[in-house]
file upload-v7.txt (compact mmCIF, C-alpha atoms)
# COMPACT_ATOMS: atom_id res chain seq x y z
CA MET A 24 18.45 10.12 -15.41
CA ALA A 25 20.90 12.89 -14.56
CA ASP A 26 19.16 15.09 -17.16
CA ILE A 27 15.79 14.34 -15.61
CA GLN A 28 17.02 15.45 -12.20
CA ALA A 29 18.46 18.62 -13.71
CA ALA A 30 15.04 19.36 -15.17
CA TRP A 31 13.53 19.27 -11.68
CA ARG A 32 15.85 22.13 -10.79
CA ASP A 33 14.84 24.23 -13.80
CA PRO A 34 14.88 27.86 -12.56
CA GLU A 35 12.32 29.02 -15.11
CA LEU A 36 9.76 26.45 -14.03
CA ALA A 37 10.55 27.16 -10.36
CA ARG A 38 9.88 30.86 -10.96
CA HIS A 39 6.60 30.03 -12.65
CA LEU A 40 5.52 27.81 -9.75
CA ILE A 41 6.40 30.55 -7.24
CA ASP A 42 4.14 32.92 -9.22
CA LEU A 43 1.39 30.30 -9.19
CA ILE A 44 1.74 29.87 -5.42
CA GLU A 45 1.49 33.65 -4.95
CA THR A 46 -1.78 33.85 -6.88
CA THR A 47 -3.25 30.63 -5.45
CA ALA A 48 -2.40 31.10 -1.75
CA ASP A 49 -5.25 33.44 -0.89
CA ARG A 50 -5.15 32.96 2.89
CA PRO A 51 -2.61 32.44 5.68
CA MET A 52 -1.47 28.83 5.81
CA ASN A 53 0.83 26.67 7.90
CA LEU A 54 2.24 23.85 5.79
CA MET A 55 4.29 21.17 7.52
CA GLU A 56 6.96 19.11 5.83
CA VAL A 57 7.10 15.71 7.49
CA CYS A 58 10.44 14.50 6.24
CA GLY A 59 13.96 15.49 7.22
CA THR A 60 15.05 15.25 3.61
CA HIS A 61 12.42 17.89 2.73
CA THR A 62 13.64 20.05 5.60
CA VAL A 63 17.14 19.99 4.14
CA ALA A 64 15.91 20.60 0.57
CA ILE A 65 13.76 23.56 1.65
CA ALA A 66 16.62 25.15 3.59
CA ARG A 67 19.32 24.37 1.04
CA PHE A 68 17.44 25.78 -1.93
CA GLY A 69 16.13 28.77 0.04
CA LEU A 70 12.49 27.86 -0.60
CA ARG A 71 11.24 29.26 2.71
CA GLU A 72 12.54 32.69 1.71
CA VAL A 73 10.73 32.73 -1.65
CA MET A 74 7.31 31.88 -0.20
CA PRO A 75 4.72 34.65 -0.02
CA ALA A 76 4.34 36.08 3.50
CA ASN A 77 1.11 34.16 4.15
CA VAL A 78 2.66 30.73 3.43
CA ARG A 79 4.54 29.46 6.46
CA LEU A 80 6.60 26.27 6.10
CA LEU A 81 7.06 24.34 9.35
CA SER A 82 9.26 21.33 9.99
CA GLY A 83 7.63 18.30 11.60
CA PRO A 84 8.74 15.08 13.29
CA GLY A 85 10.37 13.77 10.12
CA CYS A 86 13.96 13.22 11.16
CA PRO A 87 14.04 9.62 12.45
CA VAL A 88 17.10 10.00 14.64
CA CYS A 89 15.75 13.28 16.08
CA VAL A 90 12.49 11.70 17.24
CA THR A 91 14.25 8.70 18.81
CA ALA A 92 13.57 8.88 22.54
CA ASN A 93 16.42 9.20 25.03
CA ARG A 94 15.26 5.95 26.62
CA ASP A 95 15.97 4.05 23.37
CA ILE A 96 19.42 5.60 22.86
CA ASP A 97 20.23 4.85 26.50
CA LEU A 98 19.30 1.20 25.94
CA ALA A 99 21.56 0.93 22.87
CA ILE A 100 24.41 2.43 24.89
CA GLU A 101 23.80 -0.02 27.72
CA ILE A 102 23.86 -2.97 25.30
CA SER A 103 27.14 -1.67 23.83
CA LYS A 104 28.70 -2.11 27.28
CA VAL A 105 28.05 -5.87 27.32
CA PRO A 106 31.36 -7.70 26.71
CA GLY A 107 31.71 -9.09 23.17
CA VAL A 108 28.96 -6.89 21.72
CA VAL A 109 29.40 -4.90 18.51
CA VAL A 110 26.68 -2.25 17.98
CA THR A 111 26.15 -1.22 14.36
CA THR A 112 23.94 1.60 13.11
CA PHE A 113 23.55 4.29 10.46
CA GLY A 114 26.01 7.18 10.66
CA ASP A 115 23.37 9.75 11.52
CA MET A 116 22.65 7.98 14.81
CA MET A 117 26.16 8.21 16.24
CA LYS A 118 26.22 11.73 17.65
CA VAL A 119 22.60 11.92 18.77
CA PRO A 120 22.58 12.48 22.50
CA GLY A 121 20.75 10.18 24.89
CA SER A 122 20.20 11.12 28.52
CA TYR A 123 23.84 11.02 29.54
CA SER A 124 25.96 10.08 26.52
CA SER A 125 25.93 9.29 22.79
CA LEU A 126 27.11 6.30 20.76
CA ALA A 127 29.98 8.43 19.41
CA ARG A 128 31.13 9.25 22.92
CA GLU A 129 30.86 5.60 23.99
CA LYS A 130 32.92 4.59 20.95
CA SER A 131 35.62 7.06 21.94
CA GLU A 132 35.64 5.40 25.34
CA GLY A 133 36.33 2.01 23.83
CA ARG A 134 32.97 0.39 23.01
CA ASP A 135 32.85 -1.46 19.71
CA ILE A 136 30.34 0.67 17.77
CA ARG A 137 30.47 0.70 13.97
CA VAL A 138 28.70 2.66 11.24
CA VAL A 139 27.23 0.63 8.38
CA TYR A 140 25.77 1.70 5.05
CA SER A 141 23.35 -1.21 4.89
CA PRO A 142 22.08 -3.51 7.67
CA LEU A 143 23.22 -6.42 5.47
CA ASP A 144 26.79 -5.35 6.33
CA SER A 145 25.98 -6.28 9.93
CA ILE A 146 25.08 -9.84 8.96
CA ARG A 147 28.37 -10.19 7.11
CA MET A 148 30.18 -8.87 10.20
CA ALA A 149 28.39 -11.40 12.41
CA GLN A 150 29.37 -14.23 10.06
CA ALA A 151 32.99 -13.06 9.90
CA GLU A 152 33.26 -12.64 13.68
CA PRO A 153 31.36 -15.59 15.19
CA ASP A 154 32.71 -14.89 18.70
CA LYS A 155 31.00 -11.46 18.72
CA GLN A 156 27.36 -10.51 19.21
CA VAL A 157 26.44 -8.02 16.47
CA VAL A 158 23.49 -5.77 17.35
CA PHE A 159 22.04 -3.49 14.69
CA LEU A 160 20.28 -0.40 16.04
CA GLY A 161 17.37 -0.10 13.61
CA VAL A 162 16.06 3.44 13.25
CA GLY A 163 13.95 4.97 10.49
CA PHE A 164 10.50 5.25 8.99
CA GLU A 165 8.72 3.10 6.41
CA THR A 166 11.43 3.77 3.79
CA THR A 167 13.92 1.88 5.93
CA VAL A 168 11.68 -0.62 7.73
CA PRO A 169 11.30 -3.16 4.86
CA ILE A 170 15.09 -3.21 4.53
CA ILE A 171 15.48 -4.09 8.20
CA ALA A 172 12.69 -6.67 7.87
CA ALA A 173 14.44 -8.28 4.88
CA THR A 174 17.70 -8.31 6.83
CA ILE A 175 16.10 -10.01 9.84
CA GLN A 176 14.46 -12.56 7.57
CA GLN A 177 17.79 -13.24 5.89
CA ALA A 178 19.53 -13.69 9.25
CA ALA A 179 16.79 -16.08 10.34
CA GLY A 180 16.95 -18.00 7.07
CA ALA A 181 20.73 -18.35 7.24
CA GLY A 182 20.66 -19.17 10.95
CA VAL A 183 22.95 -16.29 11.95
CA GLU A 184 22.54 -16.64 15.70
CA ASN A 185 24.99 -13.94 16.80
CA PHE A 186 23.05 -11.17 15.07
CA SER A 187 20.10 -9.25 16.48
CA VAL A 188 18.24 -5.98 15.96
CA LEU A 189 17.29 -3.31 18.48
CA CYS A 190 14.23 -1.96 16.77
CA VAL A 191 13.17 1.66 17.35
CA HIS A 192 11.37 2.10 14.05
CA LYS A 193 8.37 4.38 13.74
CA THR A 194 5.58 4.90 11.25
CA VAL A 195 4.52 8.28 9.87
CA PRO A 196 0.69 8.40 9.56
CA LYS A 197 -0.02 8.07 13.31
CA ALA A 198 2.41 10.92 14.02
CA LEU A 199 0.44 13.15 11.65
CA GLU A 200 -2.68 12.39 13.65
CA ALA A 201 -0.85 13.37 16.86
CA ILE A 202 0.16 16.66 15.22
CA VAL A 203 -3.37 17.54 14.04
CA ASN A 204 -4.67 16.76 17.54
CA ASP A 205 -2.01 18.97 19.20
CA PRO A 206 -3.73 22.10 20.59
CA ASP A 207 -0.46 24.09 20.37
CA VAL A 208 -0.06 23.56 16.63
CA HIS A 209 -2.30 24.46 13.71
CA ILE A 210 -1.49 22.77 10.41
CA ASP A 211 -3.42 23.57 7.22
CA GLY A 212 -1.67 21.04 5.00
CA PHE A 213 1.04 18.38 4.98
CA ILE A 214 3.94 18.11 2.53
CA LEU A 215 4.06 14.32 2.73
CA PRO A 216 7.30 12.33 2.58
CA GLY A 217 8.23 11.05 -0.89
CA HIS A 218 10.17 7.91 -0.11
CA VAL A 219 8.07 6.77 2.84
CA SER A 220 5.22 6.92 0.34
CA THR A 221 7.26 4.93 -2.20
CA ILE A 222 6.63 2.04 0.22
CA ILE A 223 3.19 2.78 1.73
CA GLY A 224 1.52 4.70 -1.13
CA PRO A 225 -1.00 7.48 -0.45
CA GLU A 226 -3.73 5.33 1.16
CA PRO A 227 -2.52 5.30 4.82
CA TYR A 228 -2.72 9.13 4.95
CA ARG A 229 -6.25 9.29 3.59
CA PHE A 230 -7.87 9.52 7.04
CA ILE A 231 -6.00 12.75 7.79
CA ALA A 232 -7.87 14.38 4.90
CA SER A 233 -11.23 12.63 5.32
CA GLU A 234 -11.52 12.64 9.14
CA TYR A 235 -9.59 15.79 10.05
CA GLY A 236 -10.06 17.85 6.88
CA VAL A 237 -6.33 18.46 6.46
CA PRO A 238 -5.02 17.99 2.90
CA GLY A 239 -1.70 16.38 2.03
CA VAL A 240 0.48 16.14 -1.06
CA VAL A 241 3.13 13.43 -1.47
CA THR A 242 6.12 15.44 -2.62
CA GLY A 243 9.55 14.79 -4.15
CA PHE A 244 12.84 16.32 -3.13
CA GLU A 245 14.00 18.59 -5.93
CA PRO A 246 13.12 22.31 -5.74
CA VAL A 247 10.49 22.05 -8.47
CA ASP A 248 8.96 19.04 -6.67
CA VAL A 249 8.64 20.96 -3.40
CA LEU A 250 7.19 24.04 -5.10
CA GLN A 251 4.71 21.85 -6.93
CA GLY A 252 3.68 20.24 -3.63
CA VAL A 253 3.17 23.65 -1.99
CA TRP A 254 1.17 24.89 -4.95
CA MET A 255 -1.08 21.81 -4.97
CA LEU A 256 -1.75 22.29 -1.23
CA ALA A 257 -2.53 26.00 -1.73
CA LYS A 258 -4.89 25.04 -4.53
CA GLN A 259 -6.74 22.50 -2.37
CA LEU A 260 -7.15 25.13 0.36
CA GLN A 261 -8.34 27.72 -2.17
CA GLU A 262 -10.94 25.29 -3.51
CA GLY A 263 -11.97 24.05 -0.06
CA ARG A 264 -10.83 20.49 -0.78
CA ALA A 265 -9.01 18.11 1.57
CA GLU A 266 -7.50 15.20 -0.33
CA ILE A 267 -4.29 13.24 -0.49
CA GLU A 268 -2.57 13.88 -3.83
CA ILE A 269 0.74 12.86 -5.35
CA ALA A 270 3.15 15.41 -6.80
CA TYR A 271 5.93 12.81 -7.03
CA LYS A 272 4.60 10.23 -9.45
CA ARG A 273 8.02 9.27 -10.75
CA GLY A 274 8.86 7.87 -7.30
CA VAL A 275 5.48 6.86 -5.87
CA ASN A 276 2.82 4.48 -7.19
CA VAL A 277 -0.75 4.59 -5.97
CA ASP A 278 -0.09 1.08 -4.52
CA GLY A 279 3.29 1.91 -3.00
CA ASN A 280 5.50 -1.18 -2.95
CA PRO A 281 3.33 -4.19 -1.95
CA THR A 282 6.33 -6.56 -1.79
CA ALA A 283 8.04 -4.27 0.72
CA ARG A 284 4.86 -3.93 2.77
CA ALA A 285 4.41 -7.70 2.85
CA MET A 286 7.99 -7.98 4.11
CA ILE A 287 7.24 -5.47 6.91
CA ASP A 288 4.12 -7.39 7.86
CA GLU A 289 5.99 -10.70 7.87
CA VAL A 290 8.50 -9.52 10.47
CA PHE A 291 6.86 -6.69 12.41
CA GLU A 292 3.62 -5.87 14.21
CA PRO A 293 2.44 -2.44 15.38
CA CYS A 294 3.26 -1.36 18.94
CA ASP A 295 3.19 1.86 20.93
CA ALA A 296 6.26 4.04 20.53
CA GLU A 297 7.71 7.02 22.37
CA TRP A 298 8.62 10.02 20.20
CA ARG A 299 10.88 12.75 21.45
CA GLY A 300 8.79 15.85 22.01
CA ILE A 301 5.47 14.18 21.32
CA GLY A 302 5.40 11.34 23.84
CA VAL A 303 3.89 7.90 23.34
CA ILE A 304 1.81 7.53 20.18
CA PRO A 305 -0.28 4.34 20.26
CA GLY A 306 0.40 2.01 17.34
CA SER A 307 3.17 4.18 15.86
CA GLY A 308 6.03 1.77 16.47
CA LEU A 309 7.00 -1.65 15.16
CA ALA A 310 7.88 -4.67 17.28
CA MET A 311 9.29 -7.94 15.97
CA ARG A 312 6.71 -10.71 15.76
CA PRO A 313 7.13 -13.66 18.17
CA ARG A 314 8.50 -15.93 15.41
CA TYR A 315 11.46 -13.54 15.04
CA ALA A 316 11.93 -13.03 18.81
CA GLY A 317 15.26 -14.86 18.59
CA TRP A 318 16.68 -11.87 16.69
CA ASP A 319 15.22 -9.19 18.99
CA ALA A 320 18.06 -7.50 20.89
CA SER A 321 15.66 -6.05 23.47
CA LEU A 322 14.89 -9.64 24.55
CA ARG A 323 18.40 -11.05 24.14
CA PHE A 324 20.20 -8.65 26.48
CA ASP A 325 19.14 -8.27 30.08
CA VAL A 326 20.37 -4.74 30.75
CA THR A 327 18.82 -1.87 32.69
CA PRO A 328 19.64 1.63 31.50
CA PRO A 329 19.57 4.48 34.01
CA GLU A 330 16.34 6.46 34.36
CA PRO A 331 16.11 8.74 31.29
CA ARG A 332 16.24 12.51 31.65
CA ALA A 333 15.55 15.42 29.31
CA ILE A 334 18.47 17.43 27.95
CA PRO A 335 18.50 20.64 30.06
CA GLY A 336 17.32 23.72 28.15
CA CYS A 337 16.79 21.83 24.88
CA GLN A 338 13.53 22.62 23.01
CA CYS A 339 13.90 20.00 20.27
CA GLY A 340 10.57 18.52 21.34
CA GLU A 341 8.74 21.75 20.52
CA VAL A 342 10.64 22.09 17.24
CA LEU A 343 9.73 18.52 16.24
CA ARG A 344 6.00 19.10 16.59
CA GLY A 345 6.09 22.49 14.89
CA ALA A 346 5.22 24.43 18.06
CA ILE A 347 8.27 26.67 17.61
CA LEU A 348 10.69 27.38 14.77
CA PRO A 349 14.33 26.38 15.38
CA PHE A 350 15.57 29.95 15.87
CA GLU A 351 12.90 30.51 18.52
CA CYS A 352 14.72 28.06 20.81
CA ARG A 353 16.74 29.97 23.39
CA LEU A 354 19.82 27.82 22.70
CA PHE A 355 19.77 28.12 18.89
CA GLY A 356 23.04 29.51 17.59
CA LYS A 357 24.11 30.44 21.10
CA GLY A 358 24.82 27.37 23.22
CA CYS A 359 23.78 25.02 20.42
CA THR A 360 25.47 24.97 16.98
CA PRO A 361 26.39 22.14 14.54
CA GLU A 362 29.98 22.35 15.83
CA ASN A 363 28.86 22.14 19.44
CA PRO A 364 25.33 20.67 19.38
CA ILE A 365 23.15 20.15 22.42
CA GLY A 366 19.93 18.73 20.97
CA PRO A 367 19.38 16.08 18.28
CA CYS A 368 17.82 18.55 15.82
CA MET A 369 21.19 20.35 15.67
CA VAL A 370 23.19 17.09 15.63
CA SER A 371 21.58 15.26 12.75
CA SER A 372 22.32 16.40 9.22
CA GLU A 373 18.55 16.22 8.64
CA GLY A 374 17.59 17.98 11.85
CA SER A 375 15.63 21.18 11.30
CA CYS A 376 17.90 23.22 13.61
CA ALA A 377 21.00 22.11 11.68
CA ALA A 378 19.29 22.90 8.36
CA TYR A 379 18.24 26.37 9.54
CA TYR A 380 21.68 27.05 10.95
CA ARG A 381 23.63 25.93 7.90
CA TYR A 382 21.53 27.43 5.16
CA THR A 383 19.59 30.44 6.45
CA ASP A 384 20.09 33.75 8.23
CA PHE A 385 17.16 33.23 10.56
CA GLY A 386 17.98 33.86 14.18
CA ARG A 387 21.41 35.38 13.50
CA MET B 17 17.71 9.49 6.09
CA CYS B 18 14.80 8.69 3.87
CA LEU B 19 16.71 9.68 0.76
CA ALA B 20 16.67 7.17 -2.08
CA ILE B 21 18.89 7.58 -5.11
CA PRO B 22 18.11 6.57 -8.71
CA ALA B 23 20.41 3.88 -10.08
CA LYS B 24 20.56 1.59 -13.10
CA VAL B 25 20.80 -2.20 -12.71
CA VAL B 26 23.89 -3.36 -14.64
CA LEU B 27 24.34 -6.95 -13.39
CA ILE B 28 22.12 -9.41 -11.50
CA ASN B 29 23.87 -12.09 -9.41
CA GLU B 30 22.60 -14.93 -7.22
CA ASN B 31 19.90 -14.36 -4.60
CA ARG B 32 18.65 -11.17 -6.29
CA MET B 33 21.86 -9.33 -5.43
CA ALA B 34 22.73 -6.86 -8.18
CA GLU B 35 25.28 -4.31 -9.21
CA VAL B 36 23.86 -0.89 -9.92
CA ASP B 37 25.35 2.22 -11.42
CA ILE B 38 24.80 5.40 -9.42
CA HIS B 39 26.17 8.32 -11.42
CA GLY B 40 29.17 6.26 -12.49
CA VAL B 41 29.76 4.54 -9.13
CA THR B 42 29.03 0.81 -8.89
CA ARG B 43 27.31 -0.49 -5.78
CA THR B 44 26.00 -3.89 -4.75
CA VAL B 45 22.36 -3.83 -3.71
CA SER B 46 19.62 -6.33 -2.99
CA LEU B 47 16.66 -6.53 -5.39
CA SER B 48 14.63 -8.67 -2.96
CA LEU B 49 12.05 -5.88 -2.44
CA THR B 50 11.65 -5.17 -6.17
CA PRO B 51 10.66 -8.43 -7.92
CA ASP B 52 10.00 -6.48 -11.14
CA ALA B 53 13.55 -5.11 -11.41
CA GLU B 54 15.48 -6.48 -14.39
CA LEU B 55 18.75 -5.83 -16.13
CA ASP B 56 18.79 -2.14 -17.25
CA SER B 57 15.90 -1.22 -14.93
CA TRP B 58 16.08 2.09 -13.12
CA VAL B 59 15.54 1.67 -9.39
CA LEU B 60 15.50 3.87 -6.28
CA VAL B 61 18.23 2.70 -3.88
CA HIS B 62 18.12 3.15 -0.09
CA ALA B 63 20.51 1.56 2.45
CA GLY B 64 21.68 -1.22 0.17
CA PHE B 65 18.28 -2.19 -1.25
CA ALA B 66 16.30 -1.20 -4.32
CA ILE B 67 12.95 0.00 -2.96
CA GLN B 68 11.12 0.81 -6.21
CA VAL B 69 11.45 0.40 -9.94
CA VAL B 70 11.34 3.77 -11.69
CA ASP B 71 10.11 3.95 -15.24
CA GLU B 72 12.59 6.21 -16.99
CA GLU B 73 10.22 6.93 -19.83
CA PHE B 74 7.45 7.76 -17.41
CA ALA B 75 9.79 10.08 -15.57
CA ASN B 76 10.53 11.83 -18.85
CA GLU B 77 6.89 11.93 -19.85
CA SER B 78 5.68 13.22 -16.50
CA TRP B 79 8.26 15.98 -16.79
CA GLU B 80 6.97 16.97 -20.20
CA LEU B 81 3.41 16.69 -18.93
CA ILE B 82 3.92 18.94 -15.96
CA LYS B 83 5.72 21.44 -18.15
CA GLN B 84 2.84 21.63 -20.61
CA ILE B 85 -0.07 21.44 -18.22
CA GLU B 86 1.18 23.93 -15.68
CA TRP B 87 1.87 26.60 -18.25
CA ILE B 88 -1.51 26.45 -19.87
CA ASP B 89 -3.90 25.05 -17.31
CA ASP B 90 -4.37 25.18 -13.58
CA GLU B 91 -5.33 21.54 -13.02
CA PRO B 92 -3.03 19.57 -10.72
CA PRO B 93 -0.85 17.49 -13.04
CA ALA B 94 -0.63 14.39 -10.90
CA GLU B 95 -3.49 13.47 -8.65
CA ALA B 96 -3.90 10.35 -6.60
CA SER B 97 -7.07 8.43 -7.24
CA ALA B 98 -9.33 9.46 -4.40

call {"tool": "encode", "arguments": {"input": "upload-v7.txt", "output": "structure tokens"}}
result
Amino acid sequence: MADIQAAWRDPELARHLIDLIETTADRPMNLMEVCGTHTVAIARFGLREVMPANVRLLSGPGCPVCVTANRDIDLAIEISKVPGVVVTTFGDMMKVPGSYSSLAREKSEGRDIRVVYSPLDSIRMAQAEPDKQVVFLGVGFETTVPIIAATIQQAAGAGVENFSVLCVHKTVPKALEAIVNDPDVHIDGFILPGHVSTIIGPEPYRFIASEYGVPGVVTGFEPVDVLQGVWMLAKQLQEGRAEIEIAYKRGVNVDGNPTARAMIDEVFEPCDAEWRGIGVIPGSGLAMRPRYAGWDASLRFDVTPPEPRAIPGCQCGEVLRGAILPFECRLFGKGCTPENPIGPCMVSSEGSCAAYYRYTDFGR
Amino acid sequence: MCLAIPAKVVLINENRMAEVDIHGVTRTVSLSLTPDAELDSWVLVHAGFAIQVVDEEFANESWELIKQIEWIDDEPPAEASA
């Protein structure tokens, strides 16, 4: 498998694909990558710099911790203040600022907040520490959602009563619709997320192509994958087609993963969700179904966070919907750097501001 | 955050928990979302779960395919059924 991955970094093939993109991209085009992992890959391998001048790569709302609303982070912080509570979450979530604080800052002030690799670790913690209430802050798109669903089902099956989940999960296709309907943003094609699609398959994006005429290509994460995705989008635009194609067949089936989707459907139902920078997108969130209400932290803890507020001067919202590029934010590289971040897009390792800052010369 | 890493299943325990090899590092993951995963299967691992079975041969073949097709033809090598 290591050899296969090396092949997807083959410089000769990459060069050939760049040539193909140059001859195929016969018009100006804005292509949006809708996955933080793509954002990092594009910046790290310098792919933005090798695009022809008429191909503009924009980052979208694909970093799950970046699009988490202040209100939701504030609620997690408030729950962490309840005596006997342990809040667990993924490492990326720790430093993301809410309205007034972050989980990392609360931890430094004595709250019991722990980073886990897998949500299953949280169940084991709850079983090992029966006098504690373990609350997992569930964040992420469809890649992560079936894992959280399986964890909740396991907790329910094993009767782990001192475990619950604060669910701020979001789903990708509705966010794409919000982007294509945004009058400030013009997108000609979507570089669709590889591992979200591993779960959902290409079908849920189909309406973006058929109803809005915007093509999409499900794309992998190696340099050759990304170049192939860009080339396939350029080719669709050249030929006047708008379809959803897969450039990442080794990771994505046409069916996605039906077992994982059934698990999502067992535990969750769609709800409205607030996205940083975009606002409330109807049906883009996931709430736990009534039969799992006993494991829903938002129902278990009666806490009232302070009224949320925007981070002063921060333009992450505009970055997340592709309205501006990271270096066009007035704070980029000045008040806001990875060492001293102000907004979530500079905090998260997958944030587009952090990726631009670490790997490119833009805005310097 | 949506990164998933290829790994090989080296041992399957009770309750579909398995040990997988990720570039020489052994990790315990759940196979509950991949009922088709068997001993020696290649899987994509994310946050302690296998989320898809990857066909190693298909991965190899698709690589060869893309290499051939893209050099000689301009058809997209991998298209979703519309």

call {"tool": "atom_distance", "arguments": {"input": "upload-v7.txt", "atom1": "CA of His218 (chain A)", "atom2": "CA of Leu70 (chain A)"}}
result
20.1 Å

call {"tool": "closest_residue", "arguments": {"input": "upload-v7.txt", "among": "A:Asp33, A:Glu184, A:Asp49, A:Glu330", "to": "Asp154 (chain A)", "atoms": "only C-alpha atoms"}}
result
A:Glu184

call {"tool": "closest_residue", "arguments": {"input": "upload-v7.txt", "among": "B:Glu35, B:Asp71, B:Asp56, B:Glu30", "to": "chain A", "atoms": "only C-alpha atoms"}}
result
B:Asp71

call {"tool": "interface_residues", "arguments": {"input": "upload-v7.txt", "of": "chain A", "to": "chain B", "cutoff": "6 Å", "atoms": "all atoms listed in the file", "output": "list in words"}}
result
Tyr140, Ser141, Thr166, Glu268, Ile269, Ala270, Arg273, Thr282 and Ala283 of chain A

call {"tool": "closest_residue", "arguments": {"input": "upload-v7.txt", "among": "A:Pro34, A:Gly217, A:Gly180, A:Pro51", "to": "Ile21 (chain B)", "atoms": "all atoms listed in the file"}}
result
A:Gly217

call {"tool": "closest_residue", "arguments": {"input": "upload-v7.txt", "among": "A:Met148, A:Ile304, A:Ala173, A:Ala178", "to": "Pro196 (chain A)", "atoms": "all atoms listed in the file"}}
result
A:Ile304

call {"tool": "atom_distance", "arguments": {"input": "upload-v7.txt", "atom1": "CA of Tyr228 (chain A)", "atom2": "CA of Gly302 (chain A)"}}
result
20.7 Å

call {"tool": "atom_distance", "arguments": {"input": "upload-v7.txt", "atom1": "CA of Asn93 (chain A)", "atom2": "CA of Pro331 (chain A)"}}
result
6.3 Å

call {"tool": "residues_around", "arguments": {"input": "upload-v7.txt", "residues": "Leu199 (chain A)", "least_positions_apart": "6", "cutoff": "10 Å", "atoms": "all atoms listed in the file", "output": "number ranges by chain"}}
result
A: 55, 57, 83-84, 205, 210, 213, 215, 228, 231, 344

call {"tool": "write_last_selection", "arguments": {"input": "upload-v7.txt", "atoms": "C-alpha atoms", "output": "CSV table (one decimal), keeping the file's coordinate frame"}}
result
chain,number,residue,atom,x,y,z
A,55,MET,CA,4.3,21.2,7.5
A,57,VAL,CA,7.1,15.7,7.5
A,83,GLY,CA,7.6,18.3,11.6
A,84,PRO,CA,8.7,15.1,13.3
A,205,ASP,CA,-2.0,19.0,19.2
A,210,ILE,CA,-1.5,22.8,10.4
A,213,PHE,CA,1.0,18.4,5.0
A,215,LEU,CA,4.1,14.3,2.7
A,228,TYR,CA,-2.7,9.1,5.0
A,231,ILE,CA,-6.0,12.8,7.8
A,344,ARG,CA,6.0,19.1,16.6

call {"tool": "closest_residue", "arguments": {"input": "upload-v7.txt", "among": "A:Phe230, A:Phe186, A:Tyr379, A:Phe159", "to": "Gly317 (chain A)", "atoms": "all atoms listed in the file"}}
result
A:Phe186

call {"tool": "closest_residue", "arguments": {"input": "upload-v7.txt", "among": "A:Trp318, A:Val290, A:Val208, A:Glu35", "to": "Gly182 (chain A)", "atoms": "only C-alpha atoms"}}
result
A:Trp318

call {"tool": "residues_near_point", "arguments": {"input": "upload-v7.txt", "point": "(14.6, 3.8, 16.1)", "cutoff": "10 Å", "atoms": "only C-alpha atoms", "output": "list in words"}}
result
Pro87, Val88, Cys89, Val90, Thr91, Ala92, Asp95, Ile96, Met116, Leu160, Gly161, Val162, Gly163, Phe164, Val168, Leu189, Cys190, Val191, His192, Lys193, Ala296, Glu297, Trp298, Gly308 and Leu309 of chain A

call {"tool": "axis_aligned_box", "arguments": {"input": "upload-v7.txt", "around": "region 20-23 of chain B", "padding_each_side": "4 Å", "output": "JSON"}}
result
{"center_x": 18.5, "center_y": 5.7, "center_z": -6.1, "size_x": 11.7, "size_y": 11.7, "size_z": 16.0}

call {"tool": "residues_around", "arguments": {"input": "upload-v7.txt", "residues": "Pro305 (chain A)", "least_positions_apart": "4", "cutoff": "10 Å", "atoms": "all atoms listed in the file", "output": "list in words"}}
result
Lys197, Ala198, Ala201, Pro293, Cys294, Asp295, Ala296 and Glu297 of chain A

call {"tool": "residues_near_point", "arguments": {"input": "upload-v7.txt", "point": "(15.3, 28.1, 14.5)", "cutoff": "8 Å", "atoms": "all atoms listed in the file", "output": "CSV table (one decimal) with C-alpha atoms, keeping the file's coordinate frame"}}
result
chain,number,residue,atom,x,y,z
A,347,ILE,CA,8.3,26.7,17.6
A,348,LEU,CA,10.7,27.4,14.8
A,349,PRO,CA,14.3,26.4,15.4
A,350,PHE,CA,15.6,30.0,15.9
A,351,GLU,CA,12.9,30.5,18.5
A,352,CYS,CA,14.7,28.1,20.8
A,355,PHE,CA,19.8,28.1,18.9
A,375,SER,CA,15.6,21.2,11.3
A,376,CYS,CA,17.9,23.2,13.6
A,379,TYR,CA,18.2,26.4,9.5
A,380,TYR,CA,21.7,27.0,11.0
A,385,PHE,CA,17.2,33.2,10.6
A,386,GLY,CA,18.0,33.9,14.2
